[in-house]
Amino acid sequence: MALPERWDLEVDVAVLGSGASATTAAILAADNGVEVALLERADFVGGTTALSGGVLWLPNNHHMAEAGIEDSREDALAYLDSLSLGMMDRDLVETLVDTGPEMLRYMEENTPVSLHVFEGYPDYHPENPGGKPEGGRSLDNDLFPFEELGPWAERINHQPDAIFFPATMLEIDTKRVDDVPPEVMAERRARDMRSTGQALAGSLIKGCLDREIPVHTATRARELVLDDGDAVVGVRAERDGADYFVKARKAVVIASGGFEWNEELVKAFLRGPMTAPTSTPENEGDGLLMAMGAGAALGNMSEAWWIPGIHVPGDEMRGRTFARLILAERTWPRSIIVNRQGKRFMNEAANYNAVGHAFHTFDPNTFEFINLPAWLIVDSLYQPPIARHNVGPDAPDWIRRADTLAELAAQIDVDAAGLEATVTRFNEGVARGEDPEFQRGVSAYDSYNGDSLQKAPFTTLGPIETPPYYAAQIESGALGTKGGPKTNEKAQVLRATGGVIPGLYAVGNAMAGVTAMVYGGAGGTLGPGMTFGYIAGINAAREPDHIA
Ligand SMILES: Cc1cc2nc3c(=O)[nH]c(=O)nc-3n(C[C@H](O)[C@H](O)[C@H](O)COP(=O)(O)OP(=O)(O)OC[C@H]3O[C@@H](n4cnc5c(N)ncnc54)[C@H](O)[C@@H]3O)c2cc1C
């Protein structure tokens with residue numbers, strides 16, 4: 001849109017969103033000497049970042065070196081090259097690998113952000129060239145005391161039934177939490193110390209508050225304001241039901257997440273069905289629409305950070321039904337996932353993003369996505385909860401139960417003979433300690449979320465043989481989409497007709513994802529998101545004034 005008659009707020013850099021990429025960009029812009037404001041649509045801050053595991057994937061980071069784990073630029077690039085399928089922009093990948101470690105050091109030295117190596121968490125394709133089967137690139141958050149956030153502690157985004165257990169993911173996964181003395185636990189509770197995405201979002205928001213960066217919540221950015229020369233000079237937002245015009249003398253940074261909650265955009269762009277978004281429901285692609293309106297080139301539009309999800313009746317966040325991601329559920333022994341033919345169609349224990357691609361297999365004869373709907377099938381000795389609900393006599397109705405596989409198949413409209421044959425074949429393989437069809441349990445990754453008391457492949461392989469049997473419907477879901485405006489190495493948005501759009505930056509899930517179809521390892525979205533947030537903040541601050 002053209003210049004408005006009035007401005008309600010004037011800053012140098014306006015950052016849209018308040019997740020990890022937005023707050024990192026805002027902090028860097030402020031540290032480079034300019035006036036910044038965050039505009040956040042929700043009443044809460046932190047976005048999906050605050051709902052997340054908060055893990056960052058950063059190859060060649062200094063915590064690895066301190067822990068004696070070797071890594072190099074060459075290994076990191078070899079790894080990403082091996083997964084590129086010709087779709088990654090090599091310049092952006094190099095920028096990610098080169099700047100990620102610098103970003104981490106900067107954030108740890110200048111903000112409360114503080115992480116440690118997530119010991120033993122393998123890369124998601126650990127056997128690929130340059131992959132790390134022993135982990136090191138994935139970083140877990142230290143605990144962050146929410147008492148330091150004052151009134152903002154109540155305003156960090158969270159799911160309605162969230163429980164904030166004061167232990168790091170590493171402590172929980174390695175069972176070291178059992179060794180934490182009770183008095184230490186009591187102190188952690190007293191200080192409201194939180195882990196995972198809460199720690200990351202909390203420490204980033206604290207970094208913004210320490211710099212007195214104003215955070216305008218309930219302010220939904222809708223349209224970019226362009227000058228005569230098509231430079232971006234501000235934003236039209238909506239606030240209290242009225243237009244709210246924000247002048248951004250130097251730049252606008254779009255960091256408003258993906259478009260996974262916008263059904264029209266999902267249908268228009270994603271490569272196949274995606275019915276189970278797990279992110280914050282405000283992510284409706286406003287940033288994408290704004291960038292399109294300004295003439296941005298788009299990239300990676302068909303991709304998402306795929307993850308299988310389950311809709312549990314009653315799970316709502318701000319009036320929208322969200323899905324729970326499933327991880328241990330499909331990795332633990334005594335579980336498989338089947339399609340309507342009762343057939344398995346993938347290594348269920350593979351990383352969620354790769355597994356997500358298998359939902360989009362298309363049958364030209366029947367003209368169907370043959371692997372949707374899909375069902376998780378387990379037996380009565382299966383141990384982990386399914387989306388927080390245990391199997392057994394008290395299982396809720398949405399977890400179907402039957403004494404025979406044929407009866408279960410009839411309940412869920414799956415071919416009974418197909419299911420019985422699949423289970424027989426799977427169990428025969430398990431008895432030999434192998435999965436000849438899909439090699440489940442072969443990769444180091446397959447064991448990570450399985451039964452750690454067993455040895456691979458029995459960390460993930462176990463027979464489905466003890467009735468009653470249970471089934472839960474699995475949907476094609478996403479942690480977020482990762483298509484959007486294309487950027488250069490400075491995070492400047494490229495114009496569809498060539499060159500850059502002056503004064504416009506895009507980062508995080510709002511930008512065309514740097515790693516194309518791939519999820520490099522745990523933290524594979526937040527590591528790149530913060531790295532390009534860091535780059536955008538620095539470069540936005542260096543822009544000339546595009547408007548007086
Ligand atoms: C359960 C779960 C666990 C996860 N664990 C991990 C993990 O451990 N590691 C990892 O790397 N990734 C993880 N992810 C994915 C990760 O959380 C996201 O990819 C990441 O947070 C995206 O960051 P972002 O800054 O781009 O967007 P977000 O954090 O989603 O922030 C976007 C913000 O923009 C706001 N917004 C939207 N529209 C507008 C508008 N018009 N105007 C102003 N503001 C707007 C939103 O309200 C939101 O606050 C997980 C996701 C989930 C759901």
# chains A, B, ... in the order shown; residues from 1 in each chain; ligands from 1

call {"tool": "closest_atom_pairs", "arguments": {"of": "segment 262-312 of chain A", "to": "segment 80-104 of chain A", "cutoff": "12 Å", "atoms": "only C-alpha atoms", "output": "tab-separated table"}}
result
residue	atom	partner	partner_atom	distance
A:Gly299	CA	A:Met87	CA	10.0
A:Asn300	CA	A:Met87	CA	8.4
A:Met301	CA	A:Met87	CA	11.9
A:Ser302	CA	A:Met87	CA	11.9
A:Glu303	CA	A:Met87	CA	11.2

call {"tool": "write_last_selection", "arguments": {"atoms": "all heavy atoms", "output": "short mmCIF file (atom, residue, chain, number, x, y, z; two decimals), in the first residue's frame"}}
result
data_model
loop_
_atom_site.label_atom_id
_atom_site.label_comp_id
_atom_site.auth_asym_id
_atom_site.auth_seq_id
_atom_site.Cartn_x
_atom_site.Cartn_y
_atom_site.Cartn_z
N GLY A 299 10.05 -19.30 -2.70
CA GLY A 299 10.83 -20.53 -2.82
C GLY A 299 10.42 -21.56 -1.79
O GLY A 299 9.83 -21.23 -0.75
N ASN A 300 10.67 -22.83 -2.10
CA ASN A 300 10.44 -23.97 -1.19
C ASN A 300 8.98 -24.09 -0.76
O ASN A 300 8.67 -24.59 0.32
CB ASN A 300 11.33 -23.80 0.06
CG ASN A 300 11.84 -25.13 0.58
OD1 ASN A 300 12.13 -26.05 -0.19
ND2 ASN A 300 11.95 -25.26 1.88
N MET A 301 8.06 -23.61 -1.62
CA MET A 301 6.68 -23.45 -1.20
C MET A 301 5.95 -24.76 -0.92
O MET A 301 4.96 -24.79 -0.20
CB MET A 301 5.89 -22.67 -2.26
CG MET A 301 6.30 -21.22 -2.39
SD MET A 301 6.25 -20.33 -0.83
CE MET A 301 4.52 -20.39 -0.44
N SER A 302 6.43 -25.87 -1.48
CA SER A 302 5.69 -27.12 -1.30
C SER A 302 6.10 -27.84 -0.02
O SER A 302 5.54 -28.87 0.32
CB SER A 302 5.94 -28.04 -2.49
OG SER A 302 7.33 -28.28 -2.63
N GLU A 303 7.07 -27.27 0.70
CA GLU A 303 7.67 -28.01 1.83
C GLU A 303 7.21 -27.55 3.20
O GLU A 303 6.82 -26.40 3.39
CB GLU A 303 9.19 -27.89 1.75
CG GLU A 303 9.79 -28.84 0.74
CD GLU A 303 9.37 -30.28 0.98
OE1 GLU A 303 9.41 -30.73 2.13
OE2 GLU A 303 8.98 -30.95 0.01
#

call {"tool": "closest_atom_pairs", "arguments": {"of": "chain A", "to": "ligand 1", "cutoff": "6 Å", "atoms": "only C-alpha atoms and all ligand atoms", "output": "CSV"}}
result
residue,atom,partner,partner_atom_place_in_ligand_line,distance
A:Leu16,CA,ligand 1,43 (C),4.7
A:Gly17,CA,ligand 1,34 (O),3.4
A:Ser18,CA,ligand 1,49 (O),4.8
A:Gly19,CA,ligand 1,29 (O),3.5
A:Ala20,CA,ligand 1,25 (O),4.3
A:Ser21,CA,ligand 1,25 (O),4.0
A:Ala22,CA,ligand 1,25 (O),5.6
A:Leu39,CA,ligand 1,43 (C),5.2
A:Glu40,CA,ligand 1,44 (N),3.8
A:Arg41,CA,ligand 1,44 (N),4.0
A:Ala42,CA,ligand 1,47 (O),4.9
A:Val45,CA,ligand 1,49 (O),5.6
A:Gly46,CA,ligand 1,49 (O),5.2
A:Gly47,CA,ligand 1,49 (O),3.1
A:Thr48,CA,ligand 1,30 (O),3.8
A:Thr49,CA,ligand 1,21 (O),3.3
A:Leu51,CA,ligand 1,1 (C),5.5
A:Ser52,CA,ligand 1,3 (C),3.3
A:Gly53,CA,ligand 1,8 (O),3.3
A:Gly54,CA,ligand 1,8 (O),4.1
A:Val55,CA,ligand 1,8 (O),3.8
A:Leu56,CA,ligand 1,11 (O),5.3
A:Arg220,CA,ligand 1,42 (N),3.8
A:Ala221,CA,ligand 1,42 (N),3.9
A:Arg222,CA,ligand 1,41 (N),5.6
A:Ala255,CA,ligand 1,26 (O),5.7
A:Ser256,CA,ligand 1,34 (O),3.3
A:Gly257,CA,ligand 1,27 (O),3.8
A:Thr278,CA,ligand 1,53 (C),4.5
A:Ser279,CA,ligand 1,53 (C),4.2
A:Glu282,CA,ligand 1,47 (O),4.6
A:Asn283,CA,ligand 1,37 (C),4.4
A:Asp286,CA,ligand 1,41 (N),4.7
A:Leu479,CA,ligand 1,51 (C),4.6
A:Gly480,CA,ligand 1,19 (O),5.6
A:Gly508,CA,ligand 1,26 (O),3.5
A:Asn509,CA,ligand 1,26 (O),3.9
A:Ala510,CA,ligand 1,26 (O),5.9
A:Ala522,CA,ligand 1,9 (N),5.6
A:Gly523,CA,ligand 1,11 (O),3.1
A:Gly524,CA,ligand 1,11 (O),4.5
A:Thr525,CA,ligand 1,11 (O),3.7
A:Leu526,CA,ligand 1,11 (O),3.6
A:Gly527,CA,ligand 1,11 (O),6.0
A:Gly529,CA,ligand 1,26 (O),5.9

call {"tool": "select_by_dssp", "arguments": {"residues": "segment 43-118 of chain A", "states": "strand (DSSP E)", "output": "number ranges by chain"}}
result
A: 56-57, 115-117

call {"tool": "write_last_selection", "arguments": {"atoms": "N, CA and C atoms", "output": "PDB file, in the first residue's frame"}}
result
ATOM      1  N   LEU A  56      18.457 -26.437  19.257  1.00  0.00           N
ATOM      2  CA  LEU A  56      19.073 -25.794  18.090  1.00  0.00           C
ATOM      3  C   LEU A  56      20.041 -26.764  17.431  1.00  0.00           C
ATOM      4  N   TRP A  57      19.969 -26.875  16.113  1.00  0.00           N
ATOM      5  CA  TRP A  57      20.942 -27.690  15.358  1.00  0.00           C
ATOM      6  C   TRP A  57      21.928 -26.739  14.697  1.00  0.00           C
ATOM      7  N   LEU A 115      22.983 -22.806  26.252  1.00  0.00           N
ATOM      8  CA  LEU A 115      22.693 -24.175  25.803  1.00  0.00           C
ATOM      9  C   LEU A 115      23.840 -25.118  26.132  1.00  0.00           C
ATOM     10  N   HIS A 116      23.581 -26.404  25.995  1.00  0.00           N
ATOM     11  CA  HIS A 116      24.613 -27.424  26.181  1.00  0.00           C
ATOM     12  C   HIS A 116      24.400 -28.513  25.128  1.00  0.00           C
ATOM     13  N   VAL A 117      25.447 -29.278  24.889  1.00  0.00           N
ATOM     14  CA  VAL A 117      25.329 -30.355  23.897  1.00  0.00           C
ATOM     15  C   VAL A 117      24.264 -31.348  24.350  1.00  0.00           C
TER      16      VAL A 117
END

call {"tool": "closest_residue", "arguments": {"among": "A:Val514, A:Ile205, A:Val423, A:Met274", "to": "Phe146 of chain A", "atoms": "only C-alpha atoms"}}
result
A:Ile205

call {"tool": "residues_around", "arguments": {"residues": "Asp315 of chain A", "least_positions_apart": "6", "cutoff": "10 Å", "atoms": "only C-alpha atoms", "output": "ChimeraX atom specification"}}
result
/A:159-161,321-324

call {"tool": "atom_distance", "arguments": {"atom1": "atom CA of Asp142 of chain A", "atom2": "atom CA of Pro112 of chain A"}}
result
9.8 Å
